[in-house]
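All remarks here apply to the structure that follows.
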Amino acid sequence: MNQAIRNAWIASIAMFVLIFGALSYVQVIGADALEANAWNKRTLLQNYCNDRGAIIVGGTPVAESVPASESCKFQRTYTQPEPYAGITGYFSRSFGVTGLESTMNKELAGSSDQQFLDRAGQLFLGNQPKGASVELTLDPKIQQLAFDLIPDGQRGSIVVTNPKTGAIIAMVSKPSYDPNLIATQDPVAEAANFAELNKIPGINLNQNVSGPTGELLAPGSVFKLIDTSAALKSGKYNKDSILPNPAEMTFPGIQYTLPNYAGGNCYTRDTATFAFALQQSCNTPFASIALDLGQQAIADEAEKFGFGEDWGKDLKLDSAASFFPTEKLDDASLAQSSIGQRDVRATPLQINQMTAAIANNGVQMQPNLIKAVRSPDLRPISEPKPRALRTSTTPDIARQINEWMVSVVDDGIASKAAVPGVKVAGKTGTAELGNGLNNSWFTGFAPANDPQVAVTIVIEGVDITTGAKLTSPNAKKIFEAVLNK
């Protein structure tokens, strides 16, 4: 065999190995990633007209496939669109899949590994392929109440959970939208609707996240719960500690001063107990704690409560990771960040999970939205069980913070969250945006002695008066609705 023929054989074998390797990667190693790729419409178009499983809340479908035309036998329909849009997402021929429609796609389409026998049985009987239904942990009445409590035209989010199990009772945000406008089989209307919805501030249909899981906001004074836990954990502070409470805090070498909170009674005392500082949401005591303990101690404590966590895998929804800054901060920047301003950001879900950990004696549970996945014959395919994620703080510290949070509602600026006959634990927050506008927060749980529900509310871009009306009083309504069921 001469050299030319030998080279040709070597080239042919190399090309065969390359082609075989590429096919093996596509069909085996990279199959899941390629199938999940947002640009890959082959799977979507292949299943678009199939009888997709329903997404169910309280026994009623909020997303289901209904008989349609001859050309496409089934149409995806959203029966209660706006309260659930941030969770269900949409199933669109042109714009792909988001929300649970995306993350639970295999189950809803009937193509998950656990549904192999169901698929085989359907093929054997000659039946139309049908997906599994996905039951959610949401309570439909609480979901609707939470949605209605955010005024139309107002940006905001509410998260309601069971702190003992991690089950999500309600999770809503505004502005919202109608997924039916994008799931339509009319491509012209679909494109026009998509373009119009994308013009609304607060709605980004290209993001597979909703406000509670994706909106990164300055948490304001609710972050002081992290400072408090870090202080008690350090051993340098205890329940009887007296904290400095000057009207403003100065920093060497710069003109900036950090003012105390002007909305409560902080100005009446030069020193404060933890109870008073939390009741009135004073800034300077917690800034002094952060400067004393150092940036790393605050950052480590934030991580213990879930900052930096991507909740998406557990929740089956894409989520943004909250964060406390890791780059070195000067004293003024650390002081500002320690009161939930400047360089710290959190999602409403993260603040709720922080609060739930305190309610649950320091143990943070995995947030869960899926109650069960059921085959077409209603056989359970999976039923997630409550699972502890981490111990955020000790039971003693959690109980002490619980006690102080009760005093914030009983004797402090969260009094509008009080429920007659029930001990409520709470904390407010005001993150300044400039021009007199703020992100207004409330987070808390009830009953304080046996927590059944944790509520987190954030209303964006409002003045102090409006924020006060839409947070603590609305938390009270949710507490009452959940506890009276």
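Each chain in the structure tokens gets a letter, A, B and so on, in the order shown; residues start at 1 in every chain, and ligands are counted from 1 in the order they appear.
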### Query
Excluding same-chain residues fewer than 2 positions from Cys282 of chain A, what lies within 12 Å of it counting only C-alpha atoms, as a ChimeraX atom specification?
/A:220-222,224,243-249,258-280,284-288,338-339,408,412-413,427-430
#### Entry: Nearby residues (only C-alpha atoms) at most 9 Å from Val344 of chain A, same-chain spacing under 6 positions excluded, as a list in words
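Those residues are Leu217, Ala218, Pro219, Gly220, Ser322, Phe323, Phe324, Pro325, Ser337 and Ser338 of chain A.
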### Query
Which residues, written as a PyMOL selection string, have at least one atom at most 8 Å from segment 363-378 of chain A, with only C-alpha atoms counted and residues fewer than 3 positions away on the same chain left out?
chain A and resi 53+107+115+118+130-138+163-168+305+311+314-316+353-354+356-358+360+381-384+386-393
Selected residues written out with N, CA and C atoms, as a compact mmCIF listing (two decimals), in the first residue's frame:
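Okay, this is what ended up in again34.txt:
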```txt
# COMPACT_ATOMS: atom_id res chain seq x y z
N GLY A 53 -50.25 17.42 30.09
CA GLY A 53 -50.81 17.31 31.43
C GLY A 53 -51.17 18.67 32.00
N GLU A 107 -42.47 15.92 32.46
CA GLU A 107 -43.62 15.32 33.14
C GLU A 107 -44.91 15.72 32.45
N GLN A 115 -42.28 7.86 33.40
CA GLN A 115 -43.52 7.65 32.64
C GLN A 115 -43.34 6.70 31.46
N ASP A 118 -46.17 4.20 31.15
CA ASP A 118 -47.39 4.85 30.68
C ASP A 118 -47.33 5.06 29.17
N LYS A 130 -50.52 11.21 26.40
CA LYS A 130 -51.03 12.19 27.36
C LYS A 130 -50.01 12.36 28.48
N GLY A 131 -49.80 13.61 28.89
CA GLY A 131 -48.82 13.91 29.91
C GLY A 131 -49.36 13.74 31.31
N ALA A 132 -48.46 13.83 32.29
CA ALA A 132 -48.84 13.75 33.70
C ALA A 132 -49.31 15.12 34.17
N SER A 133 -50.14 15.11 35.20
CA SER A 133 -50.56 16.36 35.82
C SER A 133 -49.62 16.72 36.96
N VAL A 134 -49.46 18.01 37.20
CA VAL A 134 -48.58 18.50 38.26
C VAL A 134 -49.44 19.29 39.25
N GLU A 135 -49.56 18.76 40.48
CA GLU A 135 -50.34 19.44 41.53
C GLU A 135 -49.41 20.33 42.35
N LEU A 136 -49.85 21.56 42.59
CA LEU A 136 -49.03 22.51 43.31
C LEU A 136 -49.46 22.62 44.77
N THR A 137 -48.56 23.10 45.60
CA THR A 137 -48.84 23.28 47.03
C THR A 137 -49.66 24.54 47.30
N LEU A 138 -49.87 25.37 46.30
CA LEU A 138 -50.55 26.65 46.47
C LEU A 138 -51.99 26.48 46.97
N PRO A 163 -43.45 27.52 57.27
CA PRO A 163 -42.04 27.46 57.66
C PRO A 163 -41.59 26.08 58.15
N LYS A 164 -42.54 25.24 58.54
CA LYS A 164 -42.18 23.91 59.05
C LYS A 164 -41.93 22.90 57.93
N THR A 165 -42.55 23.12 56.78
CA THR A 165 -42.42 22.16 55.68
C THR A 165 -41.75 22.74 54.44
N GLY A 166 -41.72 24.06 54.31
CA GLY A 166 -41.20 24.70 53.10
C GLY A 166 -42.23 24.83 51.99
N ALA A 167 -43.45 24.30 52.20
CA ALA A 167 -44.48 24.37 51.16
C ALA A 167 -44.87 25.82 50.89
N ILE A 168 -44.97 26.16 49.63
CA ILE A 168 -45.37 27.51 49.25
C ILE A 168 -46.90 27.57 49.16
N PHE A 305 -28.22 31.87 55.99
CA PHE A 305 -29.67 32.01 55.80
C PHE A 305 -30.09 31.88 54.34
N TRP A 311 -32.37 28.89 44.34
CA TRP A 311 -33.51 28.09 44.80
C TRP A 311 -34.19 27.33 43.66
N ASP A 314 -34.61 23.35 43.63
CA ASP A 314 -35.57 22.86 44.61
C ASP A 314 -36.99 23.27 44.26
N LEU A 315 -37.13 24.51 43.78
CA LEU A 315 -38.44 25.09 43.57
C LEU A 315 -39.06 24.71 42.23
N LYS A 316 -38.23 24.24 41.28
CA LYS A 316 -38.65 23.96 39.91
C LYS A 316 -39.03 25.24 39.16
N GLN A 353 -37.51 32.98 53.06
CA GLN A 353 -36.79 31.80 53.56
C GLN A 353 -35.95 32.14 54.79
N MET A 354 -35.38 33.34 54.82
CA MET A 354 -34.67 33.81 56.01
C MET A 354 -35.62 33.86 57.20
N ALA A 356 -38.54 32.30 57.55
CA ALA A 356 -39.04 30.96 57.88
C ALA A 356 -38.03 30.18 58.72
N ALA A 357 -36.73 30.39 58.46
CA ALA A 357 -35.71 29.70 59.26
C ALA A 357 -35.77 30.14 60.72
N ILE A 358 -35.97 31.43 60.94
CA ILE A 358 -36.12 31.93 62.32
C ILE A 358 -37.37 31.32 62.96
N ASN A 360 -38.70 28.52 62.31
CA ASN A 360 -38.57 27.07 62.46
C ASN A 360 -37.37 26.71 63.33
N ILE A 381 -46.70 9.64 40.64
CA ILE A 381 -45.37 9.38 40.11
C ILE A 381 -44.31 9.88 41.08
N SER A 382 -44.56 11.04 41.67
CA SER A 382 -43.66 11.56 42.70
C SER A 382 -44.45 12.46 43.63
N GLU A 383 -44.07 12.44 44.90
CA GLU A 383 -44.68 13.28 45.93
C GLU A 383 -43.57 13.79 46.83
N PRO A 384 -43.02 14.98 46.53
CA PRO A 384 -41.89 15.49 47.31
C PRO A 384 -42.21 15.59 48.80
N PRO A 386 -41.05 17.03 52.77
CA PRO A 386 -40.30 18.12 53.38
C PRO A 386 -38.85 17.71 53.66
N ARG A 387 -37.93 18.64 53.38
CA ARG A 387 -36.51 18.33 53.58
C ARG A 387 -35.79 19.56 54.12
N ALA A 388 -35.01 19.35 55.17
CA ALA A 388 -34.23 20.45 55.74
C ALA A 388 -33.03 20.73 54.84
N LEU A 389 -32.81 22.02 54.54
CA LEU A 389 -31.67 22.43 53.73
C LEU A 389 -30.43 22.69 54.58
N ARG A 390 -30.62 23.41 55.67
CA ARG A 390 -29.47 23.81 56.49
C ARG A 390 -29.96 24.28 57.85
N THR A 391 -29.05 24.34 58.80
CA THR A 391 -29.31 24.99 60.07
C THR A 391 -28.73 26.40 59.98
N SER A 392 -29.61 27.38 59.93
CA SER A 392 -29.18 28.76 59.73
C SER A 392 -28.63 29.38 61.01
N THR A 393 -29.24 29.02 62.13
CA THR A 393 -28.79 29.54 63.42
C THR A 393 -29.24 28.56 64.50
```
#### Entry: atom CA of Ala68 of chain A to atom CA of Pro187 of chain A, straight-line distance in Å
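Going from atom CA of Pro187 of chain A over to atom CA of Ala68 of chain A, I get 15.6 Å.
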### Task
Could you tell me how far atom CA of Ser173 of chain A lies from atom CA of Asn198 of chain A, in Å and to one decimal?
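Taking atom CA of Ser173 of chain A as the start and atom CA of Asn198 of chain A as the end point, the length is 15.9 Å.
The residue set within 6 Å of Val406 of chain A, counting only C-alpha atoms and dropping same-chain residues fewer than 2 places from it, reads A:Glu403, A:Trp404, A:Val408, A:Val409, A:Val424, A:Ala425.
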Just-selected residues, N, CA and C atoms written as a compact mmCIF listing (two decimals), in the first residue's frame:
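Produced file result.txt, reproduced below:
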```
# COMPACT_ATOMS: atom_id res chain seq x y z
N GLU A 403 -38.75 36.35 69.76
CA GLU A 403 -39.29 37.18 70.83
C GLU A 403 -39.20 38.67 70.48
N TRP A 404 -38.06 39.08 69.95
CA TRP A 404 -37.90 40.49 69.58
C TRP A 404 -38.79 40.87 68.40
N VAL A 408 -41.73 43.84 67.89
CA VAL A 408 -41.84 44.78 66.77
C VAL A 408 -43.31 44.98 66.39
N VAL A 409 -44.11 43.90 66.49
CA VAL A 409 -45.54 44.00 66.19
C VAL A 409 -46.32 44.51 67.39
N VAL A 424 -48.00 37.64 66.72
CA VAL A 424 -47.40 37.77 65.40
C VAL A 424 -45.98 38.30 65.54
N ALA A 425 -45.04 37.68 64.85
CA ALA A 425 -43.65 38.15 64.80
C ALA A 425 -43.41 38.83 63.46
```
Sorted by chain and rising residue number, list the residues of segment 123-184 of chain A at most 9 Å from segment 461-467 of chain A (counting only C-alpha atoms), each with its closest atom pair and distance in Å to one decimal, as a Markdown table.
```
| residue | atom | partner | partner_atom | distance |
| --- | --- | --- | --- | --- |
| A:Gln154 | CA | A:Gly461 | CA | 8.5 |
| A:Arg155 | CA | A:Gly461 | CA | 7.5 |
| A:Gly156 | CA | A:Gly461 | CA | 8.9 |
```
Restrict the selected residues to N, CA, C and O atoms and save them as a short mmCIF file (atom, residue, chain, number, x, y, z; two decimals), in the first residue's frame.
```cif
data_model
loop_
_atom_site.label_atom_id
_atom_site.label_comp_id
_atom_site.auth_asym_id
_atom_site.auth_seq_id
_atom_site.Cartn_x
_atom_site.Cartn_y
_atom_site.Cartn_z
N GLN A 154 -49.30 48.66 40.27
CA GLN A 154 -48.24 48.76 41.27
C GLN A 154 -47.30 47.56 41.15
O GLN A 154 -47.76 46.43 40.96
N ARG A 155 -46.00 47.79 41.23
CA ARG A 155 -45.05 46.69 41.23
C ARG A 155 -44.87 46.16 42.65
O ARG A 155 -44.69 46.94 43.60
N GLY A 156 -44.94 44.85 42.80
CA GLY A 156 -44.77 44.26 44.12
C GLY A 156 -44.85 42.74 44.07
O GLY A 156 -45.24 42.16 43.05
#
```
### Task
Would you list the contacts of Pro447 of chain A as a PyMOL selection string, taking every protein, DNA or RNA residue within 8 Å and counting only C-alpha atoms, but skipping same-chain residues closer than 4 positions in sequence?
chain A and resi 422-425+451-453
So that I have them on file, write out the residues from the current selection with N, CA, C and O atoms, as an mmCIF file, in the first residue's frame.
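Final output, selection.cif:
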```cif
data_model
loop_
_atom_site.group_PDB
_atom_site.id
_atom_site.type_symbol
_atom_site.label_atom_id
_atom_site.label_comp_id
_atom_site.auth_asym_id
_atom_site.auth_seq_id
_atom_site.Cartn_x
_atom_site.Cartn_y
_atom_site.Cartn_z
ATOM 1 N N VAL A 422 -53.671 36.404 68.543
ATOM 2 C CA VAL A 422 -52.550 35.648 67.977
ATOM 3 C C VAL A 422 -51.273 36.468 68.133
ATOM 4 O O VAL A 422 -51.269 37.660 67.831
ATOM 5 N N LYS A 423 -50.208 35.828 68.586
ATOM 6 C CA LYS A 423 -48.923 36.493 68.650
ATOM 7 C C LYS A 423 -48.273 36.463 67.261
ATOM 8 O O LYS A 423 -48.033 35.387 66.705
ATOM 9 N N VAL A 424 -48.003 37.641 66.723
ATOM 10 C CA VAL A 424 -47.404 37.770 65.398
ATOM 11 C C VAL A 424 -45.982 38.297 65.544
ATOM 12 O O VAL A 424 -45.735 39.250 66.292
ATOM 13 N N ALA A 425 -45.038 37.682 64.847
ATOM 14 C CA ALA A 425 -43.649 38.147 64.801
ATOM 15 C C ALA A 425 -43.413 38.827 63.459
ATOM 16 O O ALA A 425 -43.807 38.288 62.420
ATOM 17 N N PRO A 451 -45.341 28.548 64.758
ATOM 18 C CA PRO A 451 -45.512 29.162 63.428
ATOM 19 C C PRO A 451 -46.112 28.220 62.391
ATOM 20 O O PRO A 451 -45.627 27.100 62.189
ATOM 21 N N GLN A 452 -47.179 28.691 61.769
ATOM 22 C CA GLN A 452 -47.855 27.951 60.705
ATOM 23 C C GLN A 452 -47.688 28.621 59.347
ATOM 24 O O GLN A 452 -47.878 27.970 58.313
ATOM 25 N N VAL A 453 -47.359 29.904 59.359
ATOM 26 C CA VAL A 453 -47.309 30.643 58.099
ATOM 27 C C VAL A 453 -46.281 31.764 58.209
ATOM 28 O O VAL A 453 -46.192 32.448 59.230
#
```
### Message
When you look at Val209 of chain A with a cut-off of 6 Å (counting only C-alpha atoms), what residues show up, excluding the ones that are within fewer than 2 positions of it in the same chain? I need them as a PyMOL selection string.
### Response
chain A and resi 207+214+318-319
Export, as a JSON list (two decimals), in the first residue's frame, the selected residues with N, CA, C and O atoms.
```json
[["chain", "number", "residue", "atom", "x", "y", "z"],
["A", 207, "GLN", "N", -37.42, 36.18, 30.23],
["A", 207, "GLN", "CA", -36.83, 35.65, 31.45],
["A", 207, "GLN", "C", -37.73, 34.56, 32.02],
["A", 207, "GLN", "O", -38.93, 34.74, 32.14],
["A", 214, "GLY", "N", -37.12, 36.22, 41.03],
["A", 214, "GLY", "CA", -36.13, 36.83, 40.15],
["A", 214, "GLY", "C", -35.82, 38.29, 40.39],
["A", 214, "GLY", "O", -34.82, 38.80, 39.88],
["A", 318, "ASP", "N", -36.84, 28.88, 37.74],
["A", 318, "ASP", "CA", -35.57, 29.59, 37.71],
["A", 318, "ASP", "C", -35.59, 30.71, 38.74],
["A", 318, "ASP", "O", -36.63, 31.34, 38.96],
["A", 319, "SER", "N", -34.44, 30.97, 39.36],
["A", 319, "SER", "CA", -34.40, 32.00, 40.38],
["A", 319, "SER", "C", -33.05, 32.71, 40.35],
["A", 319, "SER", "O", -32.05, 32.16, 39.87]]
```
### Message
I need the residue nearest Leu149 of chain A from this list: A:Val172, A:Thr394, A:Lys328, A:Val62. Use only C-alpha atoms for the distance.
### Response
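Of the candidates, the smallest distance to Leu149 of chain A is held by A:Val172.
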### Task
Using atom CA of Leu349 of chain A and atom CA of Glu309 of chain A as the two end points, give the distance in Å to one decimal.
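Value for the atom CA of Leu349 of chain A-atom CA of Glu309 of chain A distance: 10.9 Å.
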